[in-house]
$ cat protein-v9.cif   # mmCIF, C-alpha atoms
data_structure
loop_
_atom_site.label_atom_id
_atom_site.label_comp_id
_atom_site.auth_asym_id
_atom_site.auth_seq_id
_atom_site.Cartn_x
_atom_site.Cartn_y
_atom_site.Cartn_z
CA MET A 6 -38.95 228.00 37.75
CA LEU A 7 -37.47 224.68 36.71
CA ALA A 8 -39.84 224.42 33.76
CA GLY A 9 -38.79 227.86 32.56
CA LEU A 10 -35.08 226.94 32.60
CA VAL A 11 -35.74 223.79 30.56
CA LEU A 12 -37.70 225.81 27.96
CA VAL A 13 -34.94 228.43 27.66
CA GLY A 14 -32.29 225.71 27.28
CA THR A 15 -34.31 223.96 24.60
CA LEU A 16 -34.70 227.16 22.51
CA ALA A 17 -31.00 227.88 22.80
CA LEU A 18 -30.00 224.42 21.51
CA GLY A 19 -32.75 224.24 18.92
CA PRO A 20 -30.68 224.96 15.71
CA GLY A 21 -28.37 222.07 16.50
CA LEU A 22 -31.25 219.64 17.00
CA GLY A 23 -33.50 220.92 14.19
CA LEU A 24 -36.26 222.00 16.52
CA VAL A 25 -36.51 225.61 15.28
CA ALA A 26 -39.99 226.39 14.15
CA GLY A 27 -40.49 226.30 10.37
CA ASP A 28 -37.39 224.19 9.56
CA GLU A 29 -37.59 220.63 8.28
CA PRO A 30 -35.91 218.15 10.55
CA VAL A 31 -32.41 217.22 9.32
CA PRO A 32 -31.69 213.52 9.65
CA PRO A 33 -28.45 212.59 11.33
CA PRO A 34 -25.61 211.41 9.01
CA SER A 35 -25.80 207.74 8.14
CA PRO A 36 -23.12 205.61 9.71
CA ALA A 37 -20.44 204.17 7.38
CA PRO A 38 -21.38 200.74 6.10
CA GLU A 39 -19.67 197.94 7.84
CA VAL A 40 -17.21 195.99 5.65
CA PRO A 41 -17.61 192.30 6.31
CA GLU A 42 -14.46 190.50 7.35
CA PRO A 43 -13.16 188.15 4.64
CA GLU A 44 -14.07 184.58 5.20
CA PRO A 45 -11.20 182.16 5.61
CA PRO A 46 -10.59 180.05 2.47
CA ALA A 47 -12.35 176.78 2.45
CA GLU A 48 -10.23 173.74 3.05
CA PRO A 49 -9.75 171.66 -0.11
CA ALA A 50 -11.98 168.71 -0.31
CA PRO A 51 -10.29 165.34 -0.26
CA GLY A 52 -9.40 164.12 -3.78
CA THR A 53 -11.41 161.52 -5.55
CA PRO A 54 -9.83 158.20 -6.59
CA ILE A 55 -9.47 159.35 -10.21
CA ASP A 56 -7.65 162.49 -9.04
CA ALA A 57 -5.22 160.35 -7.12
CA VAL A 58 -4.61 158.16 -10.19
CA LEU A 59 -3.95 161.18 -12.43
CA LEU A 60 -1.61 162.67 -9.86
CA GLY A 61 0.29 159.41 -9.64
CA MET A 62 0.59 159.18 -13.40
CA ALA A 63 1.92 162.73 -13.59
CA ALA A 64 4.48 162.00 -10.90
CA ALA A 65 5.56 158.81 -12.65
CA ALA A 66 5.95 160.65 -15.96
CA ALA A 67 8.04 163.35 -14.29
CA LEU A 68 10.22 160.71 -12.66
CA LEU A 69 10.70 158.92 -15.98
CA ALA A 70 11.63 162.16 -17.72
CA ALA A 71 14.16 162.95 -15.03
CA SER A 72 15.77 159.51 -15.01
CA ARG A 73 15.66 158.85 -18.78
CA PRO A 74 15.11 162.16 -20.53
CA GLY A 75 15.40 160.60 -23.98
CA GLY A 76 12.52 158.23 -23.33
CA ALA A 77 10.00 160.96 -22.51
CA LEU A 78 7.22 161.38 -25.06
CA GLY A 79 7.56 164.42 -27.25
CA LEU A 80 11.11 165.21 -26.18
CA ARG A 81 13.13 167.06 -28.79
CA PRO A 82 16.89 166.80 -29.34
CA PRO A 83 19.14 169.15 -27.36
CA GLU A 84 18.92 172.69 -28.71
CA ASP A 85 22.66 173.06 -29.18
CA ALA A 86 23.15 169.76 -31.05
CA LEU A 87 24.02 169.62 -34.75
CA VAL A 88 23.27 166.44 -36.73
CA VAL A 89 25.08 165.59 -39.98
CA PHE A 90 23.35 162.98 -42.16
CA VAL A 91 25.10 160.77 -44.74
CA PRO A 92 22.87 158.96 -47.29
CA GLY A 93 23.38 155.45 -48.60
CA HIS A 94 24.33 153.81 -51.89
CA GLY A 95 22.25 154.97 -54.84
CA GLN A 96 20.22 157.45 -52.80
CA GLY A 97 19.53 161.05 -53.70
CA LEU A 98 19.81 164.24 -51.71
CA GLY A 99 20.05 163.85 -47.96
CA GLU A 100 17.23 166.32 -47.38
CA GLU A 101 14.88 163.93 -49.17
CA VAL A 102 16.34 160.68 -47.82
CA TYR A 103 16.12 161.74 -44.18
CA ALA A 104 13.00 163.91 -44.31
CA ASP A 105 10.81 161.48 -42.33
CA PHE A 106 13.64 160.59 -39.94
CA VAL A 107 14.27 164.25 -39.11
CA ALA A 108 10.54 164.80 -38.57
CA GLU A 109 10.31 161.79 -36.25
CA MET A 110 13.24 163.11 -34.25
CA GLY A 111 11.61 166.50 -33.86
CA LEU A 112 14.88 168.02 -35.02
CA ASP A 113 14.92 171.69 -35.93
CA PRO A 114 15.68 171.88 -39.67
CA ASP A 115 18.33 174.49 -38.90
CA ALA A 116 20.16 171.88 -36.82
CA ALA A 117 20.45 169.37 -39.71
CA ARG A 118 23.24 169.16 -42.28
CA TYR A 119 23.50 166.76 -45.23
CA PHE A 120 26.60 165.32 -46.86
CA ASP A 121 26.59 165.15 -50.67
CA TYR A 122 28.61 162.48 -52.53
CA ARG A 123 28.98 164.83 -55.49
CA TRP A 124 31.70 166.56 -53.49
CA VAL A 125 33.71 163.33 -53.83
CA THR A 126 33.14 162.33 -57.45
CA GLY A 127 32.25 165.62 -59.14
CA ASP A 128 29.18 164.04 -60.75
CA SER A 129 26.12 166.17 -61.36
CA ASP A 130 23.72 163.36 -60.39
CA PRO A 131 23.64 162.76 -56.59
CA LYS A 132 22.40 159.17 -57.02
CA ARG A 133 25.20 158.28 -59.40
CA ALA A 134 27.74 159.95 -57.14
CA SER A 135 26.54 158.00 -54.09
CA ALA A 136 26.89 154.77 -56.06
CA LEU A 137 30.42 155.43 -57.33
CA ALA A 138 32.14 157.19 -54.40
CA PRO A 139 34.59 154.89 -52.57
CA THR A 140 34.36 154.74 -48.80
CA ASP A 141 37.92 155.84 -48.02
CA ARG A 142 37.81 158.97 -50.18
CA THR A 143 34.33 159.79 -48.94
CA ALA A 144 35.51 159.58 -45.33
CA GLY A 145 38.22 162.17 -46.02
CA SER A 146 35.71 164.43 -47.78
CA LEU A 147 33.27 164.07 -44.89
CA ASN A 148 35.97 165.12 -42.43
CA ALA A 149 36.65 168.25 -44.48
CA TYR A 150 32.93 168.98 -44.67
CA LEU A 151 32.65 168.73 -40.88
CA ALA A 152 35.37 171.33 -40.52
CA GLY A 153 33.28 173.67 -42.66
CA VAL A 154 30.04 173.25 -40.70
CA ALA A 155 31.61 173.18 -37.23
CA GLU A 156 30.40 175.92 -34.91
CA GLY A 157 32.81 176.19 -32.00
CA GLU A 158 32.13 173.64 -29.29
CA ARG A 159 28.65 172.86 -30.57
CA PRO A 160 28.23 169.05 -30.21
CA VAL A 161 27.88 167.16 -33.49
CA TRP A 162 26.24 163.80 -34.14
CA LEU A 163 26.82 161.78 -37.32
CA VAL A 164 24.06 159.60 -38.80
CA GLY A 165 24.82 157.28 -41.70
CA PHE A 166 22.42 154.89 -43.40
CA SER A 167 23.67 151.81 -45.27
CA LYS A 168 26.81 152.85 -47.17
CA GLY A 169 26.68 156.13 -45.27
CA GLY A 170 27.11 154.14 -42.06
CA ALA A 171 30.21 152.45 -43.48
CA VAL A 172 31.59 155.89 -44.41
CA VAL A 173 31.06 157.14 -40.85
CA ALA A 174 32.70 153.98 -39.46
CA GLU A 175 35.69 154.51 -41.76
CA LEU A 176 36.10 158.10 -40.60
CA VAL A 177 35.77 157.32 -36.89
CA SER A 178 38.29 154.50 -37.28
CA ALA A 179 40.69 156.98 -38.92
CA TRP A 180 40.23 159.30 -35.94
CA ASP A 181 40.93 156.41 -33.58
CA ARG A 182 44.19 155.67 -35.40
CA GLY A 183 45.18 159.33 -35.58
CA ALA A 184 45.11 159.30 -39.39
CA HIS A 185 42.82 162.37 -39.40
CA GLU A 186 42.27 165.25 -37.04
CA PRO A 187 38.55 165.53 -36.23
CA GLY A 188 37.01 168.29 -38.30
CA ALA A 189 34.38 169.13 -35.68
CA ASN A 190 33.34 168.44 -32.10
CA VAL A 191 31.79 165.05 -32.92
CA VAL A 192 30.45 163.42 -29.77
CA GLY A 193 28.40 160.58 -31.21
CA ALA A 194 27.51 158.56 -34.30
CA MET A 195 24.62 156.28 -35.20
CA LEU A 196 25.08 153.76 -38.00
CA LEU A 197 21.81 152.52 -39.49
CA ASP A 198 22.03 148.97 -40.88
CA PRO A 199 25.53 149.54 -42.28
CA PRO A 200 27.15 146.96 -44.63
CA MET A 201 30.16 146.38 -42.38
CA ALA A 202 30.64 142.63 -42.69
CA ARG A 203 33.97 140.87 -43.16
CA GLY A 204 35.04 137.77 -45.03
CA LEU A 205 32.85 136.40 -47.83
CA HIS A 206 29.87 138.40 -46.56
CA GLY A 207 31.86 141.60 -46.81
CA THR A 208 33.10 140.70 -50.28
CA LEU A 209 29.50 140.35 -51.47
CA GLN A 210 28.74 143.77 -50.05
CA SER A 211 31.67 145.29 -51.92
CA ILE A 212 30.24 144.24 -55.28
CA GLY A 213 26.88 145.80 -54.48
CA ARG A 214 27.52 148.58 -57.01
CA PHE A 215 27.32 145.94 -59.76
CA VAL A 216 24.39 144.01 -58.28
CA GLY A 217 21.48 146.30 -57.49
CA ALA A 218 19.84 143.82 -55.09
CA LEU A 219 22.83 143.95 -52.73
CA PRO A 220 24.00 146.86 -50.60
CA ASP A 221 27.27 148.55 -51.44
CA ASP A 222 29.89 149.26 -48.79
CA GLY A 223 32.04 151.35 -51.15
CA GLY A 224 34.99 149.02 -50.63
CA TYR A 225 34.87 149.27 -46.84
CA ASP A 226 37.08 146.61 -45.27
CA PRO A 227 36.97 146.23 -41.48
CA VAL A 228 40.05 144.00 -41.45
CA ASP A 229 43.08 146.22 -41.01
CA CYS A 230 46.51 144.67 -41.54
CA PRO A 231 49.23 147.21 -40.74
CA LEU A 232 51.93 144.59 -41.33
CA ILE A 233 50.29 143.21 -44.48
CA TRP A 234 49.91 139.46 -43.85
CA LEU A 235 51.33 139.10 -40.36
CA TRP A 236 49.00 140.86 -37.96
CA CYS A 237 45.44 141.99 -38.59
CA ARG A 238 42.79 143.59 -36.44
CA ASP A 239 39.08 144.30 -36.71
CA ALA A 240 38.65 148.05 -37.20
CA ARG A 241 35.08 147.79 -35.88
CA ALA A 242 36.25 146.61 -32.45
CA HIS A 243 36.03 149.38 -29.84
CA LEU A 244 35.13 151.81 -32.59
CA GLY A 245 35.16 155.38 -31.32
CA GLU A 246 36.93 154.72 -28.04
CA GLY A 247 40.22 156.20 -29.21
CA SER A 248 38.59 159.41 -30.42
CA GLY A 249 35.95 159.72 -27.69
CA VAL A 250 33.01 159.25 -30.07
CA GLU A 251 29.99 157.30 -28.86
CA VAL A 252 29.13 154.86 -31.66
CA VAL A 253 25.79 153.04 -31.78
CA VAL A 254 24.88 150.57 -34.52
CA VAL A 255 21.20 149.88 -35.16
CA ARG A 256 20.75 146.96 -37.51
CA ASN A 257 17.85 144.82 -38.66
CA PRO A 258 18.61 141.10 -38.21
CA GLN A 259 15.85 140.30 -40.70
CA ALA A 260 17.80 142.12 -43.43
CA ALA A 261 20.68 139.64 -43.12
CA VAL A 262 22.89 140.29 -46.15
CA THR A 263 22.54 144.08 -46.00
CA SER A 264 24.14 144.36 -42.56
CA PHE A 265 26.51 142.13 -40.59
CA GLY A 266 25.85 139.20 -38.29
CA ASP A 267 28.74 139.13 -35.83
CA HIS A 268 29.30 141.37 -32.85
CA PRO A 269 32.75 143.01 -32.72
CA ALA A 270 34.21 143.55 -29.27
CA GLY A 271 33.41 146.88 -27.70
CA LEU A 272 30.95 147.90 -30.42
CA ARG A 273 27.44 148.71 -29.21
CA VAL A 274 24.98 146.94 -31.49
CA LEU A 275 21.20 147.20 -31.14
CA ASP A 276 18.52 145.38 -33.09
CA ALA A 277 15.63 147.28 -34.64
CA PRO A 278 12.15 145.72 -34.32
CA ASP A 279 10.82 143.95 -37.39
CA ASP A 280 7.90 141.52 -37.44
CA GLY A 281 8.49 140.45 -41.03
CA PRO A 282 10.16 137.21 -42.12
CA GLY A 283 13.88 136.79 -42.29
CA PRO A 284 15.70 135.39 -45.35
CA TRP A 285 15.03 131.75 -44.50
CA GLY A 286 11.41 132.42 -43.67
CA GLN A 287 10.98 134.31 -46.92
CA LEU A 288 12.54 131.47 -48.89
CA LEU A 289 10.04 129.04 -47.40
CA THR A 290 6.99 131.24 -47.99
CA ASN A 291 7.78 133.05 -51.24
CA PRO A 292 11.33 132.77 -52.55
CA PHE A 293 10.57 135.12 -55.46
CA ARG A 294 10.25 138.01 -53.01
CA LEU A 295 13.52 137.31 -51.22
CA PHE A 296 15.48 140.29 -52.53
CA GLY A 297 12.46 142.55 -52.23
CA ARG A 298 11.98 141.52 -48.62
CA LEU A 299 15.66 142.09 -47.80
CA GLY A 300 15.41 145.58 -49.28
CA GLU A 301 12.27 146.33 -47.26
CA ALA A 302 13.94 145.19 -44.03
CA HIS A 303 16.98 147.30 -44.85
CA GLU A 304 14.96 150.45 -45.55
CA ALA A 305 12.78 149.87 -42.46
CA VAL A 306 15.65 150.92 -40.18
CA LEU A 307 15.61 154.36 -41.77
CA SER A 308 11.83 154.78 -41.59
CA ASP A 309 11.22 153.30 -38.13
CA PRO A 310 10.09 155.95 -35.58
CA ALA A 311 11.57 153.82 -32.78
CA VAL A 312 15.03 154.24 -34.32
CA ALA A 313 14.61 158.02 -34.51
CA ARG A 314 13.55 158.10 -30.85
CA CYS A 315 16.56 155.94 -30.02
CA LEU A 316 18.89 158.58 -31.42
CA VAL A 317 17.18 161.37 -29.48
CA ALA A 318 17.48 159.31 -26.29
CA GLU A 319 21.18 158.73 -26.87
CA MET A 320 21.74 162.43 -27.49
CA TRP A 321 20.44 163.14 -23.99
CA GLN A 322 21.96 160.22 -22.12
CA ARG A 323 24.25 157.44 -23.24
CA GLY A 324 22.68 154.01 -22.97
CA SER A 325 19.08 155.25 -22.77
CA CYS A 326 17.94 153.94 -26.18
CA PRO A 327 14.87 151.73 -25.64
CA LEU A 328 15.67 149.32 -28.50
CA GLY A 329 16.74 145.69 -28.09
CA ARG A 330 19.49 144.87 -25.68
CA PRO A 331 22.99 144.72 -27.10
CA GLN A 332 24.52 141.29 -27.50
CA PRO A 333 27.21 140.10 -25.08
CA VAL A 334 30.57 141.60 -25.93
CA ALA A 335 33.38 139.12 -26.41
CA PRO A 336 36.92 139.98 -25.29
CA PHE A 337 38.97 141.73 -27.94
CA ARG A 338 41.44 139.48 -29.73
CA PRO A 339 43.45 140.67 -32.73
CA LEU A 340 42.67 138.72 -35.89
CA ARG A 341 45.23 136.66 -37.77
CA MET A 342 43.60 136.58 -41.16
CA ARG A 343 44.07 137.83 -44.66
CA ALA A 344 42.45 141.10 -45.57
CA ARG A 345 40.37 141.32 -48.71
CA SER A 346 42.59 144.13 -49.92
CA PRO A 347 45.71 144.69 -47.81
CA LEU A 348 46.62 147.95 -49.55
CA ALA A 349 43.09 149.33 -49.76
CA ARG A 350 43.04 151.15 -46.47
CA ALA A 351 44.49 154.52 -47.35
CA VAL A 352 42.58 156.59 -44.75
#

$ encode --input "protein-v9.cif" --output "structure tokens"
Amino acid sequence: MLAGLVLVGTLALGPGLGLVAGDEPVPPPSPAPEVPEPEPPAEPAPGTPIDAVLLGMAAAAALLAASRPGGALGLRPPEDALVVFVPGHGQGLGEEVYADFVAEMGLDPDAARYFDYRWVTGDSDPKRASALAPTDRTAGSLNAYLAGVAEGERPVWLVGFSKGGAVVAELVSAWDRGAHEPGANVVGAMLLDPPMARGLHGTLQSIGRFVGALPDDGGYDPVDCPLIWLWCRDARAHLGEGSGVEVVVVRNPQAAVTSFGDHPAGLRVLDAPDDGPGPWGQLLTNPFRLFGRLGEAHEAVLSDPAVARCLVAEMWQRGSCPLGRPQPVAPFRPLRMRARSPLARAV
């Protein structure tokens, strides 16, 4: 009886279990594959000594860039800055004179402007114009040019080499005295080995247009005598303070006659590196190359990559130029001396 019930139950459930006679057995559905749980990420292995050194160097570089942005390798000038270049005595177009300097700065060509002395003299030859243009008239023309290139509050830097540096100094001094209204938002100026001496040294520089071996200051006279013979002052002293312009002078002491040897009060003067002989050393070794050596030392300030990097550093942060330390600044004392040309200062 029990066996019969089991047989009947088996036949009744047969289709569901695949036990019907003549049918192939149907395998049960395969279970879904198990997805393995993701393994936890492996812990980073401890760094090797060289990794630690590289990490330290990167951190030190970042710290240097943050503290002195102008000293960081490969740093370019600020994007909003505009730089106006003024060539020197007897030089050609500014684009050619400053080509290497602009490249060393990493300055965008669209951010560079170049003053042309032909706007002062009307000559067709830029070299002749730069040799004949007087400093005072050129300073007034430069101020008008700045008004034409000014772009709102865009910061402007002036760069003048040799006579161009004397022109920039003349213009900034005029701003300090209130003789001119600034034609642009000029925030800084760099004077490259400018002939800005006084006394006999300055007189020699003023005749440079007649003696090719000497620089020409275009008649620049730093001794200002408002009351003719009674009371004189050094126009280089505290240059730029009255007009809020940061002025930096980079000179080459080895050039001697092409620059100036004293240190006016309140004027920031830096010395460019030069391993060559000075005038006395050149006289002792080969006196026939004296003037050639002075010219090389003078031109070296314009072609020195360290000077270009100095300007970029100053554009980012005042006082960050890595060149030689400025000399001690003596207290300002007005000069009681005779000017070379009491009536020459018309700016």

$ resolve_selection --input "protein-v9.cif" --expression "the PyMOL selection byres ((chain A and resi 172-184) around 9)" --output "ChimeraX atom specification"
/A:91,139-141,143-145,147-148,163-165,167-171,185-187,194-196,199,201,222-223,225-227,240-241,244-250,252,352

$ resolve_selection --input "protein-v9.cif" --expression "the PyMOL selection byres ((chain A and resi 113) around 10)" --output "ChimeraX atom specification"
/A:81-84,86-88,107-108,110-112,114-117

$ atom_distance --input "protein-v9.cif" --atom1 "CA of Gly204 in chain A" --atom2 "CA of Ala260 in chain A"
17.9 Å

$ residues_around --input "protein-v9.cif" --residues "Pro131 in chain A" --least-positions-apart "5" --cutoff "8 Å" --atoms "all atoms listed in the file" --output "count of residues only"
6

$ closest_residue --input "protein-v9.cif" --among "A:Val254, A:Leu80, A:Ala149, A:Leu307" --to "Val274 in chain A" --atoms "all atoms listed in the file"
A:Val254

$ atom_distance --input "protein-v9.cif" --atom1 "CA of Ser264 in chain A" --atom2 "CA of Arg142 in chain A"
21.4 Å
